[in-house]
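Structure first, then comments.
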There are 2 protein chains.
Amino acid sequence: MELQFLGTSSGIPSKTRNVAGLALRLDGGGWVLVDCGEGTQHRILHTTLSLHALQAICITHLHGDHCYGLPGLLASAGMGNRVEPLPLVGPAGLRDYVEGVMATTALRLPFPLQFVDVTQLAAAAPLPALDIAAVALSHRVPSWAYRFTERAVERRLDAARLAAAGVPPGPDWGTLQQGGSVTLADGGVLQGADYLLPARRPRAIVIAGDNDDPGLLLDAVHEADVLVHEATYTQAVLDKVGAGPQHSSARMVAQFAARAGLRQLVLTHFSPRYLDAARPGMPAIADIEAEARAHYDGTLFLAADLARYRLDRQGTLTGIDQA
Amino acid sequence: MELQFLGTSSGIPSKTRNVAGLALRLDGGGWVLVDCGEGTQHRILHTTLSLHALQAICITHLHGDHCYGLPGLLASAGMGNRVEPLPLVGPAGLRDYVEGVMATTALRLPFPLQFVDVTQLAAAAPLPALDIAAVALSHRVPSWAYRFTERAVERRLDAARLAAAGVPPGPDWGTLQQGGSVTLADGGVLQGADYLLPARRPRAIVIAGDNDDPGLLLDAVHEADVLVHEATYTQAVLDKVGAGPQHSSARMVAQFAARAGLRQLVLTHFSPRYLDAARPGMPAIADIEAEARAHYDGTLFLAADLARYRLDRQGTLTGIDQA
């Protein structure tokens, strides 16, 4: 599984960072889009992602910087002749927003939209290989985090025990791995279930929308491998801006991650006041990073547009060098 | 006056061309935006245009590639603390589209929107220095061209005649230029109106939306300096695509421009199938240009994103080198 960031700015785009969009790339080529700020389809042009392989779109909340790219992306998928149904998961109001735009701008799509209210996710199960659960957050409008968990985890055979039992590698191994039984030359019968190694833990990723109370995610990050969370400001700027916008500081998220025992944290959704390249007297992304590191000693990444991270089967997140 | 293209692709963005958006930059720093496809605000970040100096937005028609950037651009103007009212000119339905998005995405703006129905333009006169007139075009949805005409044309004094009349350059010249009268030392009285050179012709630019019948613009381009028109396809491709999409070929527009005696033509809104750099066997922007030149020998430009053209007071259009 991989994460690829399509936008990492809060509120308005900058020259280097677009507004929110995040691709969750699955083993096998499919992917899920979490949030779709204006210009998300433009960022996708600079990736290998295909709108034909998009399995679902999950919207965390209905602020423009998280959803104004949706109509254009849907229109482009249609012009690309997508025919597969597309689940759209989001808060109440998502359907009104999308259908309102479609009706007022004569947008007709050659594929069906399947609206899934975020509170009905368990019944809908819109993804073939992942369970999705939603967690309510605290923001100016209803905002949600999505927890994506692998549904089926591949099982591996215990090769050493099979060798000891006298079964050489071959078609019988496939039968046993599928859970079938095999009769040996001496008439003995082996059951596949007896020769499978313990299943690894399914990987889980939590991707949060805008939120001023990270503690709401305590249960959701339990046994999750990664949390992706906004860190719009440093604490000093948050104190100056005030609580009104209902965002988190890097310190708030980092302290929560430390308390929750989270192994891996990715911060995103930075106020455009923070520059990528440090300039004397100007706030910089490095300030957010330094603040987070002061309170959290797990694996920490600060996302950039188009940055890609691989979560391997052991649950370890590493950046993918795209140079 | 200047034209600066913010998007020149039809339907979907490409890596080099965004969907429709065109800035009409006025003498004095103000500007008008004609169409606002998704990502228009992103293109603006790469110009010197300011959302504070934006005097009006004119939408030619309500297809997504011409209006899906509007909500995000308005939101960004709001976050930038614009307070000046903003006229939004467009077809019936523009208000429903914008207000629907605002209502479903909790968008509140710190400045008023002044919706102007395109059929009521004459009464509304939304721009301080330009008259706008609209011309109905032929497309799958109601589509319009806008004709922008300078309202007040500066008058210059006839310096030679004033010298002959014994009035030296000085404050009296200002009085006369304003249309006032001046009493000379000998008691003679001069009227300003008698000493003004004939006014130059006001500059006029016609910017058309999607349209499969350029001849509808015959009256509008009379005494206009420039026409900006779509040329989505070459004729061969249009013949293959068929008339359904209701777009123009380069040949159709060029033949019209020649017939109308138009001095200067800018083509835009190219199907993304046409590549910027020619590759063997692939359609290229150069094909559109060659087709247009074969039928029109006036001044011709094929727009590119961020390309800038100056229309001087004599009505001559020239590209501005931005290197």
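In the structure tokens, chains take letters A, B, ... by order of appearance, with residues numbered from 1 within each chain and ligands from 1 in the order shown.
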What are the nearest atom pairs, with distances in Å to one decimal, for all residues of chain A that come at most 7 Å from chain B, using only C-alpha atoms, set out by chain and rising residue number as a Markdown table?
| residue | atom | partner | partner_atom | distance |
| --- | --- | --- | --- | --- |
| A:Ile12 | CA | B:Ser76 | CA | 6.1 |
| A:Pro13 | CA | B:His42 | CA | 6.8 |
| A:Lys15 | CA | B:Leu45 | CA | 6.5 |
| A:Glu38 | CA | B:Gly39 | CA | 6.5 |
| A:Gly39 | CA | B:Gly39 | CA | 5.3 |
| A:His42 | CA | B:Pro13 | CA | 6.8 |
| A:Leu45 | CA | B:Lys15 | CA | 6.5 |
| A:Leu62 | CA | B:Thr105 | CA | 5.1 |
| A:His63 | CA | B:Thr105 | CA | 5.4 |
| A:Gly64 | CA | B:Thr105 | CA | 6.3 |
| A:Tyr68 | CA | B:Gly72 | CA | 6.6 |
| A:Gly72 | CA | B:Gly64 | CA | 6.6 |
| A:Ser76 | CA | B:Ile12 | CA | 6.1 |
| A:Gly93 | CA | B:Thr104 | CA | 6.3 |
| A:Asp96 | CA | B:Thr104 | CA | 6.7 |
| A:Tyr97 | CA | B:Thr104 | CA | 5.3 |
| A:Gly100 | CA | B:Gly100 | CA | 6.4 |
| A:Val101 | CA | B:Tyr97 | CA | 6.2 |
| A:Thr104 | CA | B:Tyr97 | CA | 5.3 |
| A:Thr105 | CA | B:Leu62 | CA | 5.1 |
| A:Ala106 | CA | B:His63 | CA | 6.7 |
Which polymer residues have any atom within 12 Å of an atom of Gln120 in chain A, counting only C-alpha atoms, with same-chain residues fewer than 6 positions away left out, as a CSV table (one decimal) with N, CA, C and O atoms, in the first residue's frame?
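The result, written out as part39.csv:
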chain,number,residue,atom,x,y,z
A,89,VAL,N,-18.0,8.6,-0.8
A,89,VAL,CA,-18.3,8.6,0.6
A,89,VAL,C,-18.1,9.9,1.2
A,89,VAL,O,-17.1,10.6,0.9
A,90,GLY,N,-19.0,10.4,2.0
A,90,GLY,CA,-18.8,11.7,2.7
A,90,GLY,C,-19.9,12.0,3.6
A,90,GLY,O,-20.9,11.3,3.8
A,91,PRO,N,-19.8,13.2,4.2
A,91,PRO,CA,-20.8,13.7,5.2
A,91,PRO,C,-22.1,13.9,4.4
A,91,PRO,O,-22.2,14.1,3.2
A,92,ALA,N,-23.2,13.9,5.2
A,92,ALA,CA,-24.5,14.4,4.7
A,92,ALA,C,-24.3,15.7,4.0
A,92,ALA,O,-23.5,16.6,4.5
A,126,PRO,N,-17.8,-0.1,0.5
A,126,PRO,CA,-17.7,0.2,-0.9
A,126,PRO,C,-16.4,-0.3,-1.6
A,126,PRO,O,-16.3,-0.3,-2.8
A,132,ILE,N,-13.6,0.2,5.6
A,132,ILE,CA,-13.4,1.6,5.9
A,132,ILE,C,-14.3,1.9,7.1
A,132,ILE,O,-15.5,1.5,7.2
A,133,ALA,N,-13.8,2.6,8.1
A,133,ALA,CA,-14.6,3.1,9.2
A,133,ALA,C,-14.4,4.6,9.4
A,133,ALA,O,-13.3,5.1,9.0
A,134,ALA,N,-15.4,5.3,9.8
A,134,ALA,CA,-15.3,6.7,10.0
A,134,ALA,C,-15.3,7.1,11.4
A,134,ALA,O,-16.1,6.5,12.2
A,135,VAL,N,-14.6,8.2,11.8
A,135,VAL,CA,-14.6,8.7,13.1
A,135,VAL,C,-14.9,10.2,13.1
A,135,VAL,O,-14.3,10.9,12.3
From a DSSP calculation on the backbone, collect every residue of range 1-48 of chain B in strand (DSSP E or B) and output the set as a ChimeraX atom specification.
/B:2-7,9,21-25,31-36
Contacts of Pro169 in chain B at 12 Å or less, counting only C-alpha atoms, minus same-chain residues fewer than 6 places along, as a PyMOL selection string?
chain B and resi 157-163+175-177
Which residues in range 90-253 of chain A does DSSP call alpha helix (DSSP H)? List them as an NGL selection string.
:A and (94-104 or 121-124 or 159-164 or 171-177 or 235-241 or 250-253)
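Our summary of the geometry notes that CA of Glu150 in chain A is positioned 18.6 Å from CA of Gln178 in chain A.
Omitting Gly28 in chain A and its sequence neighbours fewer than 3 positions away, and counting only C-alpha atoms, the residues within 12 Å are A:Met1, A:Glu2, A:Arg25, A:Trp31, A:Ala53, A:Leu54, A:Gln55, A:Pro128, A:Ala129.
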For those residues, write N, CA, C and O atoms to a file as a compact mmCIF listing (two decimals), in the first residue's frame.
# COMPACT_ATOMS: atom_id res chain seq x y z
N MET A 1 0.85 -1.18 0.00
CA MET A 1 0.00 0.00 0.00
C MET A 1 0.89 1.24 0.00
O MET A 1 1.97 1.24 0.57
N GLU A 2 0.38 2.27 -0.62
CA GLU A 2 1.15 3.52 -0.68
C GLU A 2 0.24 4.73 -0.43
O GLU A 2 -0.96 4.69 -0.74
N ARG A 25 -2.90 4.26 -2.55
CA ARG A 25 -2.67 3.31 -3.65
C ARG A 25 -2.64 1.91 -3.08
O ARG A 25 -1.89 1.62 -2.15
N TRP A 31 -6.90 2.42 -6.47
CA TRP A 31 -6.59 3.45 -5.49
C TRP A 31 -7.86 4.15 -5.01
O TRP A 31 -8.92 4.04 -5.64
N ALA A 53 -8.93 3.43 -12.61
CA ALA A 53 -8.61 2.51 -11.51
C ALA A 53 -9.04 3.06 -10.15
O ALA A 53 -8.81 2.43 -9.12
N LEU A 54 -9.67 4.23 -10.16
CA LEU A 54 -10.12 4.85 -8.91
C LEU A 54 -11.29 4.04 -8.35
O LEU A 54 -12.31 3.87 -9.02
N GLN A 55 -11.16 3.55 -7.12
CA GLN A 55 -12.19 2.66 -6.56
C GLN A 55 -13.22 3.40 -5.72
O GLN A 55 -14.34 2.90 -5.54
N PRO A 128 -13.42 -3.26 -2.41
CA PRO A 128 -13.29 -4.72 -2.46
C PRO A 128 -12.31 -5.29 -1.44
O PRO A 128 -12.53 -6.37 -0.92
N ALA A 129 -11.23 -4.55 -1.15
CA ALA A 129 -10.16 -5.16 -0.36
C ALA A 129 -9.90 -4.48 0.98
O ALA A 129 -9.04 -4.91 1.74
